[in-house]
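To keep things clear, I will list the structure first and then write my remarks on it.
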Amino acid sequence: MTADTVQAGEPGPIRPVERPVPLRQSVYEALVELVVAGRLRPGQHLVETELARQLGVSRQPVREALHRLEAEGWVDLRPNQGAFVHVPTGEEVDQLLDVRELLEVEAARLAAAAATADDIARLRVICREGEAAVEAGDKGRFVAVNTEFHAELARAAGNDVLAELAEIVGRRVRWYYRQVAPARGHESCAEHREIVAAIEAGDAGRAASIARKHTERTRTAYHRPSA
């Protein structure tokens with residue numbers, strides 16, 4: 001009997017996995033970024049031929065990407081109508097922010113014990129970059145810096161699993177946050193500074209408390225009726 005012989009009742013040999021298709025992944029990533037950055041707006045009709053032309057690819061990878069985007073909640077595919085950028089509901093936002101709050105509070109608590117002097121310095125640099133973006137009225141830049149702050153906070157916590165989860169959640173939060181960034185800019189920057197100060201002081205309870213209030217104020221701003 002050779003090593004390749006399969007015994008009765010045993011699983012067969014492991015088959016090699018299919019190699020990923022770089023173009024398909026590239027198209028998917030490009031479309032997600034266009035949605036997150038607001039260049040493809042909630043409710044916007046997505047025409048395969050036009051997307052393919054703009055991205056410089058054929059329709060096939062666009063079609064495959066759209067199906068993946070639907071499965072992940074970025075796009076809605078409607079029978080006989082086509083693809084549309086998903087319009088988040090208030091309930092979806094609340095559910096996402098519930099998860100964000102859990103991660104954020106724990107990240108702040110852990111960072112108060114684990115953050116190094118370099119971590120603190122980096123967080124302060126990001127705070128200044130955020131303030132500069134707000135003063136310049138650059139919403140896109142502020143949203144990007146806000147995302148960077150929260151990612152850096154998660155890294156400073158010293159928990160790789162938490163940082164990985166925070167990155168996944170942060171991408172969708174970035175999408176939703178664009179709607180409230182103008183209203184939240186100044187106070188959000190102030191809250192970031194308070195979180196960093198509490199972490200630098202090693203006050204885990206205060207850091208966690210501020211992080212919780214930070215997320216709740218974003219939730220309130222999202223649900224606040226437009227003027």
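By order in the structure tokens, chains are A, B, ...; within a chain, residues start at 1; ligands start at 1, following the order shown.
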Restrict the calculation to only C-alpha atoms, then for each residue of stretch 129-174 of chain A with any atom at most 9 Å from an atom of stretch 97-117 of chain A give the closest atom pair and their distance in Å to one decimal, rows by chain and rising residue number, as CSV.
residue,atom,partner,partner_atom,distance
A:His150,CA,A:Glu104,CA,7.8
A:Leu153,CA,A:Ala107,CA,6.5
A:Ala154,CA,A:Ala107,CA,5.2
A:Arg155,CA,A:Ala107,CA,8.2
A:Ala156,CA,A:Ala115,CA,5.1
A:Ala157,CA,A:Ala111,CA,3.9
A:Gly158,CA,A:Ala114,CA,6.2
A:Asn159,CA,A:Leu110,CA,8.2
A:Leu162,CA,A:Leu103,CA,6.9
A:Ala163,CA,A:Ala107,CA,8.3
A:Leu165,CA,A:Leu103,CA,8.0
A:Ala166,CA,A:Leu103,CA,6.5
A:Val169,CA,A:Arg100,CA,6.7
A:Gly170,CA,A:Arg100,CA,7.7
A:Val173,CA,A:Leu97,CA,7.7
Per DSSP on the backbone, what are the alpha helix (DSSP H) residues of stretch 57-208 of chain A, as a VMD selection string?
-> chain A and resid 59 to 71 90 to 114 117 to 136 139 to 156 160 to 177 181 to 200 204 to 208
Any chance you could tabulate, as a tab-separated table, the residues of stretch 136-224 of chain A at most 9 Å from stretch 26-47 of chain A with each one's nearest atom pair and distance in Å to one decimal, using only C-alpha atoms, in chain and rising number order?
residue	atom	partner	partner_atom	distance
A:Gly140	CA	A:Ala37	CA	7.4
A:Val143	CA	A:Ala37	CA	8.9
A:Ala144	CA	A:Ala37	CA	9.0
A:Arg171	CA	A:Val36	CA	7.4
A:Arg172	CA	A:Val36	CA	7.2
A:Val173	CA	A:Val36	CA	8.9
A:Arg174	CA	A:Val36	CA	6.5
A:Trp175	CA	A:Val36	CA	4.4
A:Tyr176	CA	A:Val36	CA	8.1
A:Arg178	CA	A:Gly38	CA	7.7
Separation of atom CA of A:Ile195 from atom CA of A:Phe142, in Å and rounded to one decimal | 17.7 Å
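The residue that comes closest to A:Arg59, out of A:Ala204, A:Ala198, A:Ala151, A:Leu23 and on the basis of only C-alpha atoms, is A:Leu23.
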Return as a list of chain:residue names the full set of residues in stretch 43-140 of chain A whose backbone-based DSSP assignment is strand (DSSP E or B).
-> A:His45, A:Leu46, A:Val75, A:Asp76, A:Leu77, A:Arg78, A:Gly82, A:Ala83, A:Phe84, A:Val85
Could you write out that same residue set with N, CA and C atoms as a JSON list (two decimals), in the first residue's frame?
[["chain", "number", "residue", "atom", "x", "y", "z"],
["A", 45, "HIS", "N", -27.48, 54.24, -9.62],
["A", 45, "HIS", "CA", -27.56, 53.11, -10.53],
["A", 45, "HIS", "C", -26.17, 52.81, -11.08],
["A", 46, "LEU", "N", -25.76, 51.56, -11.01],
["A", 46, "LEU", "CA", -24.46, 51.14, -11.49],
["A", 46, "LEU", "C", -24.62, 50.38, -12.80],
["A", 75, "VAL", "N", -23.99, 46.72, -2.34],
["A", 75, "VAL", "CA", -24.77, 46.94, -3.57],
["A", 75, "VAL", "C", -26.06, 46.12, -3.49],
["A", 76, "ASP", "N", -27.12, 46.64, -4.10],
["A", 76, "ASP", "CA", -28.38, 45.90, -4.24],
["A", 76, "ASP", "C", -28.57, 45.55, -5.71],
["A", 77, "LEU", "N", -28.83, 44.28, -6.01],
["A", 77, "LEU", "CA", -29.13, 43.85, -7.37],
["A", 77, "LEU", "C", -30.63, 43.63, -7.47],
["A", 78, "ARG", "N", -31.29, 44.42, -8.31],
["A", 78, "ARG", "CA", -32.74, 44.37, -8.43],
["A", 78, "ARG", "C", -33.13, 43.71, -9.75],
["A", 82, "GLY", "N", -31.18, 46.13, -12.47],
["A", 82, "GLY", "CA", -29.73, 46.24, -12.41],
["A", 82, "GLY", "C", -29.20, 46.45, -11.01],
["A", 83, "ALA", "N", -28.01, 47.03, -10.93],
["A", 83, "ALA", "CA", -27.32, 47.20, -9.65],
["A", 83, "ALA", "C", -27.42, 48.64, -9.17],
["A", 84, "PHE", "N", -27.57, 48.79, -7.86],
["A", 84, "PHE", "CA", -27.66, 50.11, -7.24],
["A", 84, "PHE", "C", -26.82, 50.10, -5.96],
["A", 85, "VAL", "N", -26.16, 51.22, -5.68],
["A", 85, "VAL", "CA", -25.43, 51.33, -4.43],
["A", 85, "VAL", "C", -26.42, 51.24, -3.28]]
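Among the candidate residues A:Glu131, A:Ile120, A:Glu72, A:Leu55, the one lying nearest to A:Ala201 is A:Ile120, with distances computed using only C-alpha atoms.
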Two-atom distance - atom CA of A:Thr89, atom CA of A:Val180 (Å) | 14.6 Å
Separation of atom CA of A:Arg24 from atom CA of A:Pro61 in Å | 5.0 Å
Can you pull out every residue within 7 Å of A:Gly185, counting only C-alpha atoms, but drop anything in the same chain fewer than 4 positions away, and send it as a PyMOL selection string?
-> chain A and resi 134+181+189
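Of the listed residues A:Ala71, A:Cys127, A:Ala136, A:Val93, the one whose atoms come nearest to A:Thr215 is A:Val93, with distances taken using only C-alpha atoms.
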